[in-house]
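A.B. asks: Contents of entry_35.csv (CSV, C-alpha atoms) are given next:
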chain,number,residue,atom,x,y,z
A,1,MET,CA,15.0,-22.7,-10.5
A,2,ARG,CA,13.3,-20.0,-12.6
A,3,THR,CA,10.4,-18.5,-10.7
A,4,ALA,CA,7.4,-16.4,-11.9
A,5,ILE,CA,4.4,-14.4,-10.8
A,6,THR,CA,1.7,-16.4,-12.4
A,7,GLY,CA,-1.4,-14.7,-11.1
A,8,VAL,CA,-2.5,-11.4,-9.5
A,9,GLY,CA,-5.7,-10.5,-7.7
A,10,LEU,CA,-7.3,-7.3,-6.5
A,11,PHE,CA,-10.1,-6.6,-4.0
A,12,THR,CA,-11.7,-3.1,-4.1
A,13,PRO,CA,-14.2,-2.0,-1.4
A,14,GLU,CA,-17.6,-1.0,-2.8
A,15,GLN,CA,-17.6,2.4,-1.1
A,16,SER,CA,-15.6,5.4,-2.4
A,17,ILE,CA,-15.1,8.9,-1.1
A,18,SER,CA,-14.4,11.9,-3.4
A,19,ASN,CA,-12.2,14.8,-2.5
A,20,ASP,CA,-15.3,17.0,-2.4
A,21,GLU,CA,-17.0,14.7,0.2
A,22,LEU,CA,-13.9,14.5,2.3
A,23,VAL,CA,-13.3,18.2,2.3
A,24,GLU,CA,-16.9,19.0,3.2
A,25,SER,CA,-16.6,16.7,6.3
A,26,PHE,CA,-13.2,18.1,7.2
A,27,ASN,CA,-14.3,21.7,7.0
A,28,GLN,CA,-17.3,21.0,9.2
A,29,TYR,CA,-14.9,19.6,11.8
A,30,VAL,CA,-12.7,22.7,11.4
A,31,ASP,CA,-15.6,25.1,11.9
A,32,ALA,CA,-16.8,23.2,14.9
A,33,PHE,CA,-13.3,23.2,16.5
A,34,ASN,CA,-12.7,26.9,15.8
A,35,ALA,CA,-16.1,27.8,17.3
A,36,GLU,CA,-15.5,25.7,20.4
A,37,HIS,CA,-12.1,27.2,21.0
A,38,ALA,CA,-12.9,30.7,19.9
A,39,ASP,CA,-11.8,32.4,23.1
A,40,ALA,CA,-8.6,30.5,23.4
A,41,ILE,CA,-7.8,31.3,19.7
A,42,ALA,CA,-8.5,35.0,20.4
A,43,ARG,CA,-6.1,35.0,23.4
A,44,GLY,CA,-3.5,33.3,21.4
A,45,ASP,CA,-3.6,30.1,23.5
A,46,ALA,CA,-4.8,28.0,20.5
A,47,VAL,CA,-4.3,28.1,16.8
A,48,ALA,CA,-7.3,28.2,14.5
A,49,LEU,CA,-7.5,25.3,12.1
A,50,ALA,CA,-7.6,26.0,8.3
A,51,HIS,CA,-10.0,24.6,5.8
A,52,SER,CA,-9.0,22.1,3.2
A,53,SER,CA,-10.0,22.0,-0.5
A,54,SER,CA,-10.2,19.6,-3.3
A,55,GLU,CA,-7.8,21.7,-5.3
A,56,PHE,CA,-5.2,21.6,-2.5
A,57,ILE,CA,-5.5,17.8,-2.2
A,58,PHE,CA,-5.1,17.2,-5.9
A,59,LYS,CA,-2.2,19.6,-6.3
A,60,ALA,CA,-0.4,18.0,-3.2
A,61,SER,CA,-1.0,14.4,-4.2
A,62,GLY,CA,-2.7,13.8,-7.5
A,63,ILE,CA,-5.6,12.0,-5.6
A,64,LYS,CA,-9.2,12.5,-6.6
A,65,SER,CA,-10.9,9.8,-4.6
A,66,ARG,CA,-10.3,6.7,-2.4
A,67,TYR,CA,-12.0,3.5,-1.6
A,68,CYS,CA,-12.8,2.6,2.0
A,69,VAL,CA,-14.3,-0.1,4.1
A,70,ASP,CA,-16.7,2.4,5.8
A,71,LYS,CA,-17.7,5.7,4.3
A,72,ALA,CA,-20.2,6.9,6.9
A,73,GLY,CA,-17.8,6.9,9.8
A,74,VAL,CA,-15.1,8.7,7.9
A,75,LEU,CA,-17.4,11.4,6.7
A,76,ASP,CA,-19.1,12.0,10.1
A,77,PRO,CA,-17.4,15.1,11.6
A,78,LYS,CA,-17.9,13.7,15.1
A,79,VAL,CA,-16.3,10.4,14.2
A,80,MET,CA,-13.8,10.7,11.3
A,81,HIS,CA,-12.7,7.1,11.2
A,82,PRO,CA,-14.1,3.9,9.8
A,83,LEU,CA,-16.7,2.2,11.9
A,84,ILE,CA,-16.2,-1.5,12.0
A,85,ALA,CA,-18.4,-4.0,13.8
A,86,PRO,CA,-16.4,-6.3,16.1
A,87,ARG,CA,-16.3,-9.9,15.0
A,88,GLY,CA,-16.1,-13.1,17.1
A,89,ASN,CA,-13.0,-15.2,17.3
A,90,ASP,CA,-14.8,-17.8,15.2
A,91,GLU,CA,-15.4,-15.4,12.3
A,92,PRO,CA,-12.9,-14.4,9.7
A,93,SER,CA,-11.1,-11.1,10.4
A,94,LEU,CA,-11.9,-8.2,8.1
A,95,MET,CA,-8.4,-8.1,6.8
A,96,VAL,CA,-8.5,-11.8,6.0
A,97,GLU,CA,-11.9,-11.5,4.3
A,98,MET,CA,-10.5,-8.8,2.0
A,99,GLY,CA,-7.3,-10.8,1.5
A,100,LEU,CA,-9.3,-14.0,0.6
A,101,ALA,CA,-11.1,-12.2,-2.2
A,102,ALA,CA,-7.8,-11.0,-3.7
A,103,ALA,CA,-6.2,-14.4,-3.2
A,104,ARG,CA,-9.0,-16.3,-4.9
A,105,GLU,CA,-8.8,-14.1,-8.0
A,106,ALA,CA,-5.0,-14.4,-8.1
A,107,LEU,CA,-5.3,-18.2,-7.9
A,108,ALA,CA,-7.9,-18.3,-10.6
A,109,ARG,CA,-5.7,-16.3,-12.9
A,110,ALA,CA,-2.8,-18.6,-12.1
A,111,GLY,CA,-4.9,-21.7,-12.8
A,112,ARG,CA,-4.3,-23.0,-9.3
A,113,GLN,CA,-6.5,-24.2,-6.5
A,114,PRO,CA,-6.2,-23.3,-2.8
A,115,GLU,CA,-4.8,-26.8,-2.0
A,116,ASP,CA,-1.9,-26.1,-4.4
A,117,VAL,CA,-0.7,-23.3,-2.1
A,118,ASP,CA,1.9,-24.4,0.4
A,119,MET,CA,3.2,-20.9,1.5
A,120,VAL,CA,1.1,-17.9,2.5
A,121,LEU,CA,2.5,-14.5,3.4
A,122,VAL,CA,0.4,-11.6,4.6
A,123,ALA,CA,2.6,-8.6,3.8
A,124,CYS,CA,1.2,-5.2,4.7
A,125,SER,CA,1.6,-2.1,6.8
A,126,ASN,CA,-0.8,-2.8,9.7
A,127,MET,CA,-1.9,-6.2,11.0
A,128,GLN,CA,-5.3,-6.4,12.6
A,129,ARG,CA,-3.7,-8.2,15.6
A,130,PRO,CA,-0.2,-9.4,16.5
A,131,TYR,CA,-1.2,-13.1,16.9
A,132,PRO,CA,-2.3,-15.6,15.7
A,133,ALA,CA,-0.6,-14.4,12.5
A,134,MET,CA,-3.1,-13.0,9.9
A,135,ALA,CA,-1.4,-15.3,7.3
A,136,VAL,CA,-2.1,-18.4,9.3
A,137,GLU,CA,-5.8,-17.4,9.6
A,138,LEU,CA,-5.9,-16.7,5.9
A,139,GLN,CA,-4.3,-20.0,5.2
A,140,GLN,CA,-7.0,-21.8,7.2
A,141,TYR,CA,-10.0,-20.1,5.6
A,142,LEU,CA,-8.4,-20.4,2.1
A,143,GLY,CA,-7.8,-24.1,2.5
A,144,ALA,CA,-4.0,-23.9,1.7
A,145,ARG,CA,-1.3,-26.3,3.0
A,146,GLY,CA,2.2,-25.8,4.2
A,147,PHE,CA,3.1,-22.7,6.3
A,148,ALA,CA,2.3,-19.1,6.7
A,149,TYR,CA,3.6,-15.9,8.4
A,150,ASP,CA,3.2,-12.2,8.4
A,151,ILE,CA,5.6,-9.5,7.0
A,152,ASN,CA,5.5,-5.8,7.9
A,153,VAL,CA,7.8,-3.5,6.1
A,154,ALA,CA,5.2,-0.7,5.6
A,155,CYS,CA,4.5,0.3,2.1
A,156,ALA,CA,7.3,-1.9,0.7
A,157,SER,CA,5.8,-5.0,2.2
A,158,ALA,CA,4.6,-6.6,-1.0
A,159,ALA,CA,8.0,-6.4,-2.6
A,160,PHE,CA,9.6,-7.9,0.4
A,161,GLY,CA,7.0,-10.6,0.4
A,162,ILE,CA,7.6,-11.4,-3.3
A,163,GLN,CA,11.4,-11.8,-2.6
A,164,ALA,CA,10.7,-14.1,0.3
A,165,ALA,CA,8.3,-16.1,-1.8
A,166,ALA,CA,10.6,-16.3,-4.8
A,167,ASP,CA,13.5,-17.3,-2.6
A,168,SER,CA,11.5,-20.1,-1.0
A,169,VAL,CA,10.3,-21.5,-4.3
A,170,ARG,CA,13.8,-21.4,-5.7
A,171,GLN,CA,15.2,-23.2,-2.7
A,172,GLY,CA,12.4,-25.9,-2.9
A,173,ASN,CA,10.9,-24.8,0.4
A,174,ALA,CA,7.6,-24.1,-1.3
A,175,LYS,CA,6.0,-25.1,-4.6
A,176,CYS,CA,3.3,-22.4,-4.8
A,177,ALA,CA,3.5,-19.3,-2.7
A,178,LEU,CA,0.8,-16.7,-2.2
A,179,VAL,CA,1.7,-13.1,-1.1
A,180,VAL,CA,-1.4,-11.2,0.1
A,181,SER,CA,-1.5,-7.5,1.0
A,182,PRO,CA,-4.8,-6.4,2.7
A,183,GLU,CA,-4.6,-2.7,3.6
A,184,ILE,CA,-7.2,-0.9,5.7
A,185,CYS,CA,-5.2,2.3,5.7
A,186,THR,CA,-8.2,4.5,6.7
A,187,GLY,CA,-8.0,2.8,10.1
A,188,HIS,CA,-4.6,4.5,10.9
A,189,LEU,CA,-5.2,7.8,9.1
A,190,ASN,CA,-5.7,11.0,11.1
A,191,PHE,CA,-8.7,12.5,9.2
A,192,ARG,CA,-8.4,15.6,11.4
A,193,ASN,CA,-4.9,16.5,10.1
A,194,ARG,CA,-5.1,18.8,7.1
A,195,ASP,CA,-1.7,17.8,5.9
A,196,CYS,CA,-2.6,14.1,5.5
A,197,HIS,CA,-6.3,13.6,5.9
A,198,PHE,CA,-6.7,12.8,2.2
A,199,ILE,CA,-3.7,10.4,1.6
A,200,PHE,CA,-5.0,6.8,2.2
A,201,GLY,CA,-7.6,4.4,0.9
A,202,ASP,CA,-8.3,0.7,1.4
A,203,ALA,CA,-7.8,-2.3,-0.9
A,204,ALA,CA,-6.2,-5.8,-1.0
A,205,THR,CA,-4.0,-7.5,-3.5
A,206,ALA,CA,-2.5,-10.9,-3.9
A,207,VAL,CA,0.1,-12.5,-6.2
A,208,VAL,CA,1.0,-16.2,-6.9
A,209,VAL,CA,4.7,-17.1,-7.1
A,210,GLU,CA,5.7,-20.5,-8.4
A,211,PRO,CA,8.2,-22.2,-10.7
A,212,LEU,CA,8.1,-20.9,-14.3
A,213,ALA,CA,8.2,-24.5,-15.6
A,214,GLY,CA,4.7,-25.8,-15.4
A,215,ALA,CA,3.1,-22.4,-14.9
A,216,SER,CA,-0.5,-22.5,-16.3
A,217,GLY,CA,-1.5,-18.9,-15.9
A,218,LYS,CA,-2.3,-16.9,-19.0
A,219,THR,CA,0.1,-14.0,-18.3
A,220,PRO,CA,3.1,-15.3,-16.3
A,221,PHE,CA,6.0,-12.9,-15.5
A,222,GLU,CA,9.4,-14.5,-14.8
A,223,VAL,CA,11.0,-12.9,-11.8
A,224,LEU,CA,14.5,-11.9,-13.2
A,225,GLY,CA,15.6,-10.5,-9.8
A,226,THR,CA,14.6,-8.8,-6.6
A,227,ARG,CA,16.5,-6.3,-4.5
A,228,LEU,CA,15.6,-4.7,-1.2
A,229,VAL,CA,17.0,-1.8,0.8
A,230,THR,CA,16.2,-0.2,4.2
A,231,GLN,CA,17.3,3.0,5.8
A,232,PHE,CA,16.0,4.1,9.2
A,233,SER,CA,14.0,7.3,9.3
A,234,ASN,CA,11.3,8.8,11.6
A,235,ASN,CA,9.9,10.9,8.8
A,236,ILE,CA,7.0,8.5,8.3
A,237,ARG,CA,5.8,6.9,11.6
A,238,ASN,CA,3.0,5.2,13.3
A,239,ASN,CA,3.3,4.8,17.1
A,240,PHE,CA,0.4,2.4,17.7
A,241,GLY,CA,1.3,-0.6,19.7
A,242,PHE,CA,0.6,-2.9,22.6
A,243,LEU,CA,2.7,-0.7,25.0
A,244,ASN,CA,0.6,2.4,24.4
A,245,ARG,CA,-1.6,1.5,27.4
A,246,SER,CA,1.5,1.2,29.6
A,247,GLU,CA,3.0,4.6,28.7
A,248,SER,CA,2.6,7.2,31.5
A,249,PRO,CA,1.7,9.9,30.7
A,250,SER,CA,-0.3,8.5,27.8
A,251,ARG,CA,0.4,9.8,24.3
A,252,HIS,CA,-2.2,12.0,22.6
A,253,TRP,CA,-4.2,10.0,20.2
A,254,ALA,CA,-2.9,12.0,17.2
A,255,ASP,CA,0.6,10.8,18.1
A,256,VAL,CA,-0.4,7.2,17.8
A,257,LEU,CA,-1.8,7.6,14.2
A,258,PHE,CA,0.1,8.1,10.9
A,259,THR,CA,2.3,11.1,10.7
A,260,GLN,CA,4.9,12.2,8.2
A,261,GLU,CA,7.3,15.0,7.2
A,262,GLY,CA,6.2,15.1,3.6
A,263,ARG,CA,8.9,17.4,2.2
A,264,LYS,CA,11.7,15.4,3.9
A,265,VAL,CA,10.2,12.1,2.6
A,266,PHE,CA,10.1,13.4,-0.9
A,267,LYS,CA,13.6,14.7,-0.8
A,268,GLU,CA,15.1,11.5,0.6
A,269,VAL,CA,13.0,8.7,-0.9
A,270,VAL,CA,13.2,9.9,-4.6
A,271,PRO,CA,17.0,9.4,-4.9
A,272,LEU,CA,16.9,6.2,-2.8
A,273,VAL,CA,14.3,4.5,-5.0
A,274,SER,CA,15.5,5.8,-8.4
A,275,GLU,CA,19.1,4.6,-7.7
A,276,LEU,CA,17.7,1.2,-6.4
A,277,ILE,CA,15.8,0.6,-9.7
A,278,ALA,CA,18.5,1.9,-12.0
A,279,ASN,CA,21.3,-0.1,-10.4
A,280,HIS,CA,19.1,-3.2,-10.1
A,281,VAL,CA,18.2,-3.2,-13.8
A,282,SER,CA,21.8,-2.5,-14.8
A,283,ASP,CA,23.2,-5.3,-12.6
A,284,LEU,CA,20.8,-7.8,-14.3
A,285,GLY,CA,22.5,-6.9,-17.6
A,286,LEU,CA,19.6,-4.8,-18.9
A,287,SER,CA,19.2,-1.2,-19.8
A,288,VAL,CA,16.4,1.1,-18.5
A,289,THR,CA,15.4,1.5,-22.1
A,290,ASP,CA,14.5,-2.2,-22.1
A,291,VAL,CA,11.9,-1.6,-19.4
A,292,LYS,CA,8.4,-1.2,-20.9
A,293,ARG,CA,6.5,-0.7,-17.7
A,294,PHE,CA,7.1,0.6,-14.2
A,295,TRP,CA,4.5,-0.3,-11.5
A,296,LEU,CA,5.5,2.1,-8.8
A,297,HIS,CA,4.2,2.5,-5.3
A,298,GLN,CA,1.2,4.9,-5.5
A,299,ALA,CA,1.8,7.5,-2.8
A,300,ASN,CA,2.3,10.8,-4.6
A,301,LEU,CA,2.0,11.6,-8.3
A,302,SER,CA,4.9,14.1,-8.3
A,303,MET,CA,7.1,11.6,-6.5
A,304,ASN,CA,6.4,8.9,-9.0
A,305,GLN,CA,6.9,11.2,-12.0
A,306,LEU,CA,10.3,12.3,-10.6
A,307,ILE,CA,11.4,8.8,-9.8
A,308,ALA,CA,10.6,7.6,-13.3
A,309,LYS,CA,12.3,10.7,-14.9
A,310,ARG,CA,15.5,10.0,-12.9
A,311,VAL,CA,15.5,6.4,-14.0
A,312,LEU,CA,14.7,7.0,-17.7
A,313,GLY,CA,16.4,10.4,-18.1
A,314,ARG,CA,13.2,11.9,-19.4
A,315,ASP,CA,9.5,12.1,-18.5
A,316,ALA,CA,7.7,8.8,-18.5
A,317,THR,CA,4.4,8.4,-20.3
A,318,THR,CA,1.4,7.1,-18.4
A,319,GLU,CA,1.7,3.9,-20.4
A,320,GLU,CA,5.2,3.4,-19.1
A,321,ALA,CA,4.4,4.4,-15.5
A,322,PRO,CA,0.6,3.9,-15.1
A,323,VAL,CA,-1.3,5.8,-12.3
A,324,ILE,CA,-4.0,4.4,-10.2
A,325,LEU,CA,-3.4,6.9,-7.4
A,326,ASP,CA,-6.1,9.2,-8.6
A,327,ARG,CA,-9.0,6.9,-7.7
A,328,TYR,CA,-7.4,4.5,-5.2
A,329,ALA,CA,-5.2,7.0,-3.3
A,330,ASN,CA,-2.3,5.6,-1.3
A,331,THR,CA,-3.1,2.0,-0.4
A,332,SER,CA,0.4,1.4,1.1
A,333,SER,CA,1.8,-2.0,0.2
A,334,ALA,CA,-1.1,-2.8,-2.2
A,335,GLY,CA,-0.5,0.2,-4.5
A,336,SER,CA,2.2,-1.1,-6.8
A,337,VAL,CA,0.4,-4.4,-7.1
A,338,ILE,CA,-2.8,-2.6,-8.0
A,339,ALA,CA,-1.0,-0.9,-10.8
A,340,PHE,CA,0.4,-4.3,-11.9
A,341,SER,CA,-3.0,-5.9,-11.7
A,342,LEU,CA,-4.8,-3.2,-13.8
A,343,HIS,CA,-2.0,-2.6,-16.3
A,344,HIS,CA,-0.2,-5.7,-17.4
A,345,ASP,CA,-2.4,-7.5,-20.0
A,346,ASP,CA,-1.2,-5.4,-22.9
A,347,LEU,CA,2.5,-6.3,-22.4
A,348,ALA,CA,3.9,-8.7,-25.0
A,349,VAL,CA,6.0,-11.8,-24.5
A,350,GLY,CA,9.6,-10.7,-23.8
A,351,ASP,CA,8.7,-7.3,-22.4
A,352,VAL,CA,10.5,-6.3,-19.2
A,353,ALA,CA,8.8,-4.5,-16.4
A,354,VAL,CA,9.7,-3.3,-12.9
A,355,LEU,CA,7.5,-3.4,-9.8
A,356,SER,CA,8.8,-1.1,-7.1
A,357,ALA,CA,7.4,-0.4,-3.6
A,358,PHE,CA,8.7,2.0,-1.1
A,359,GLY,CA,7.8,3.8,2.1
A,360,ALA,CA,8.3,4.1,5.8
A,361,GLY,CA,11.4,2.7,7.3
A,362,TYR,CA,12.6,3.8,4.9
A,363,SER,CA,12.1,0.6,3.0
A,364,ALA,CA,12.2,0.0,-0.7
A,365,GLY,CA,12.0,-3.0,-3.0
A,366,SER,CA,12.5,-3.7,-6.7
A,367,VAL,CA,11.2,-6.7,-8.6
A,368,VAL,CA,12.3,-7.0,-12.2
A,369,MET,CA,10.2,-9.2,-14.4
A,370,ARG,CA,9.8,-10.4,-18.0
A,371,ARG,CA,6.5,-11.4,-19.6
A,372,THR,CA,6.8,-15.0,-20.8
Let me see the file written as structure tokens.

C.D. replies:
Amino acid sequence: MRTAITGVGLFTPEQSISNDELVESFNQYVDAFNAEHADAIARGDAVALAHSSSEFIFKASGIKSRYCVDKAGVLDPKVMHPLIAPRGNDEPSLMVEMGLAAAREALARAGRQPEDVDMVLVACSNMQRPYPAMAVELQQYLGARGFAYDINVACASAAFGIQAAADSVRQGNAKCALVVSPEICTGHLNFRNRDCHFIFGDAATAVVVEPLAGASGKTPFEVLGTRLVTQFSNNIRNNFGFLNRSESPSRHWADVLFTQEGRKVFKEVVPLVSELIANHVSDLGLSVTDVKRFWLHQANLSMNQLIAKRVLGRDATTEEAPVILDRYANTSSAGSVIAFSLHHDDLAVGDVAVLSAFGAGYSAGSVVMRRT
């Protein structure tokens, strides 16, 4: 059975933080830390923290700003994380609320109603809780039928979710699948770490996957093939989990949040992903010159440019590999789908495109599509 992505949706939080705002907050924290530990720094028992700058952030990442669920908490030097009011068990979770907005837009574009959906996947880096599954909660509030479950393969989660959805539709286990990726990345980011305090933002995406025959969306993309790969690495890690409270001695809070060895990640992920994409396209009987658009995971501008160059054998244009990183920052699993959402309407019938997501694990996925 031929399958297609028939609708895509995007939720963007209202609040945004510029590099200048983030740097001002970070540098206030640095000055306070250095003043408080001045004696220890003078004795050599502590290391003075260094200021950040907007120039450093843009050069390192290509990021200019990021959206977030709570700006005030992130920019408060005494807090430096989003402040989120707790919700009762009879209220929708924040992640589900974000995911619902993206899901409804995706369904509208696909020309479907919630009751048409019989498979819901929430595929993202961090779940708000382990159980009940976020997907089952979203299924309930959306009014979908069938079954639902969560997928966590870090930044590659959306690609893994699309393969699972496409496989289920092909096998007849679902007639209309919904893959939702709500990401509150600012919740696991260490805003006190100069090397990574600027990386993440918040957003949510959704895609509808169903049989190509009978698709009623205005811009359906047939899924020609999917391919996934994983390779274990500690170079991107988050140690948060239910056993944290049982560890003795307890971890320092900074060890529980996102950490990465950026240079190692760059060196190892670029060849992994470029080979995955090139081989996948070739195995489908296509040439990379047939690909009109690459919707890549939006983590680092230099990384994306080098991956595209390795695949194409030349520098890619921004039309071929659009960038949303500058204003959204890294939104983990949502990034490649945001690029897809914002940069697909101009493709003509018959155009081939590739969505590729990659990140911690390492994990990577490739989805080759054709506009129909």

A.B. asks: Tell me which protein, DNA and RNA residues are within 8 Å of segment 165-173 of chain A, counting only C-alpha atoms, leaving out same-chain ones fewer than 4 positions away, and put them as a list in words.

C.D. replies: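 So, after excluding close chain neighbours, the residues are Met1, Arg2, Thr3, Ala4, Met119, Leu121, Gly161, Ala177, Leu178, Val179, Val209, Glu210, Pro211 and Val223 of chain A.
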
A.B. asks: Keeping C-alpha atoms, export the residues of the selection given above as a short mmCIF file (atom, residue, chain, number, x, y, z; two decimals), keeping the file's coordinate frame.

C.D. replies:
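Output file out.cif follows:
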data_model
loop_
_atom_site.label_atom_id
_atom_site.label_comp_id
_atom_site.auth_asym_id
_atom_site.auth_seq_id
_atom_site.Cartn_x
_atom_site.Cartn_y
_atom_site.Cartn_z
CA MET A 1 15.00 -22.70 -10.50
CA ARG A 2 13.30 -20.00 -12.60
CA THR A 3 10.40 -18.50 -10.70
CA ALA A 4 7.40 -16.40 -11.90
CA MET A 119 3.20 -20.90 1.50
CA LEU A 121 2.50 -14.50 3.40
CA GLY A 161 7.00 -10.60 0.40
CA ALA A 177 3.50 -19.30 -2.70
CA LEU A 178 0.80 -16.70 -2.20
CA VAL A 179 1.70 -13.10 -1.10
CA VAL A 209 4.70 -17.10 -7.10
CA GLU A 210 5.70 -20.50 -8.40
CA PRO A 211 8.20 -22.20 -10.70
CA VAL A 223 11.00 -12.90 -11.80
#

A.B. asks: Wanna dump the segment 169-264 of chain A-segment 358-365 of chain A contacts at 6 Å for me, each residue with its shortest atom pair and the distance in Å to one decimal, counting all atoms listed in the file, ordered by chain and number, as a Markdown table?

C.D. replies:
| residue | atom | partner | partner_atom | distance |
| --- | --- | --- | --- | --- |
| A:Arg227 | CA | A:Gly365 | CA | 5.8 |
| A:Leu228 | CA | A:Gly365 | CA | 4.4 |
| A:Val229 | CA | A:Ala364 | CA | 5.3 |
| A:Thr230 | CA | A:Ser363 | CA | 4.3 |
| A:Gln231 | CA | A:Tyr362 | CA | 4.9 |
| A:Phe232 | CA | A:Gly361 | CA | 5.2 |
| A:Ser233 | CA | A:Gly361 | CA | 5.6 |
| A:Ile236 | CA | A:Ala360 | CA | 5.2 |

A.B. asks: Put those residues in a file: C-alpha atoms, as an mmCIF file, in the frame of the given file.

C.D. replies:
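The resulting part-v8.cif:
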data_model
loop_
_atom_site.group_PDB
_atom_site.id
_atom_site.type_symbol
_atom_site.label_atom_id
_atom_site.label_comp_id
_atom_site.auth_asym_id
_atom_site.auth_seq_id
_atom_site.Cartn_x
_atom_site.Cartn_y
_atom_site.Cartn_z
ATOM 1 C CA ARG A 227 16.500 -6.300 -4.500
ATOM 2 C CA LEU A 228 15.600 -4.700 -1.200
ATOM 3 C CA VAL A 229 17.000 -1.800 0.800
ATOM 4 C CA THR A 230 16.200 -0.200 4.200
ATOM 5 C CA GLN A 231 17.300 3.000 5.800
ATOM 6 C CA PHE A 232 16.000 4.100 9.200
ATOM 7 C CA SER A 233 14.000 7.300 9.300
ATOM 8 C CA ILE A 236 7.000 8.500 8.300
#

A.B. asks: Excluding segment 193-197 of chain A and any residue of its chain fewer than 2 positions from it, enumerate the residues within 12 Å of it, using only C-alpha atoms, and give them as a PyMOL selection string.

C.D. replies: chain A and resi 19+22-23+25-27+29-30+49-54+56-57+60-61+63+66+74-75+80-81+185-191+199-201+236+254-255+257-263+299-300+329-330

A.B. asks: To one decimal in Å, tell me the separation between atom CA of Arg371 of chain A and atom CA of Gln113 of chain A.

C.D. replies: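 So the answer is 22.5 Å.
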
A.B. asks: Which one of A:Val79, A:Cys155, A:Val120, A:Ala353 sits closest to Leu142 of chain A if you count all atoms listed in the file?

C.D. replies: A:Val120

A.B. asks: Measure the distance from atom CA of Ala316 of chain A to atom CA of Val269 of chain A in Å and round it to one decimal.

C.D. replies: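 These atoms are spaced 18.4 Å apart.
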
A.B. asks: What gap, in Å, lies between atom CA of Leu276 of chain A and atom CA of Ser336 of chain A?

C.D. replies: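 These atoms are spaced 15.7 Å apart.
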
A.B. asks: As a tab-separated table (two decimals), in the frame of the given file, please: segment 17-21 of chain A completed to all heavy atoms.

C.D. replies:
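Once written, selection00.tsv looks like this:
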chain	number	residue	atom	x	y	z
A	17	ILE	N	-14.91	7.58	-1.59
A	17	ILE	CA	-15.10	8.90	-1.10
A	17	ILE	C	-14.35	9.89	-2.02
A	17	ILE	O	-13.14	9.76	-2.25
A	17	ILE	CB	-14.52	9.09	0.33
A	17	ILE	CG1	-15.25	8.16	1.30
A	17	ILE	CG2	-14.63	10.54	0.81
A	17	ILE	CD1	-14.65	8.16	2.71
A	18	SER	N	-15.06	10.85	-2.57
A	18	SER	CA	-14.40	11.90	-3.40
A	18	SER	C	-13.74	12.92	-2.59
A	18	SER	O	-13.99	13.05	-1.39
A	18	SER	CB	-15.49	12.52	-4.32
A	18	SER	OG	-16.36	13.33	-3.53
A	19	ASN	N	-12.86	13.68	-3.23
A	19	ASN	CA	-12.20	14.80	-2.50
A	19	ASN	C	-13.24	15.77	-1.99
A	19	ASN	O	-13.12	16.28	-0.87
A	19	ASN	CB	-11.25	15.52	-3.46
A	19	ASN	CG	-9.96	14.75	-3.68
A	19	ASN	OD1	-9.70	13.76	-3.00
A	19	ASN	ND2	-9.16	15.21	-4.63
A	20	ASP	N	-14.27	16.07	-2.79
A	20	ASP	CA	-15.30	17.00	-2.40
A	20	ASP	C	-15.99	16.56	-1.09
A	20	ASP	O	-16.24	17.36	-0.17
A	20	ASP	CB	-16.31	17.26	-3.47
A	20	ASP	CG	-15.75	18.07	-4.63
A	20	ASP	OD1	-14.68	18.69	-4.46
A	20	ASP	OD2	-16.39	18.08	-5.71
A	21	GLU	N	-16.32	15.28	-1.03
A	21	GLU	CA	-17.00	14.70	0.20
A	21	GLU	C	-16.08	14.80	1.38
A	21	GLU	O	-16.50	15.17	2.48
A	21	GLU	CB	-17.41	13.29	-0.10
A	21	GLU	CG	-18.53	13.13	-1.11
A	21	GLU	CD	-18.81	11.68	-1.42
A	21	GLU	OE1	-17.87	10.96	-1.81
A	21	GLU	OE2	-19.98	11.25	-1.28
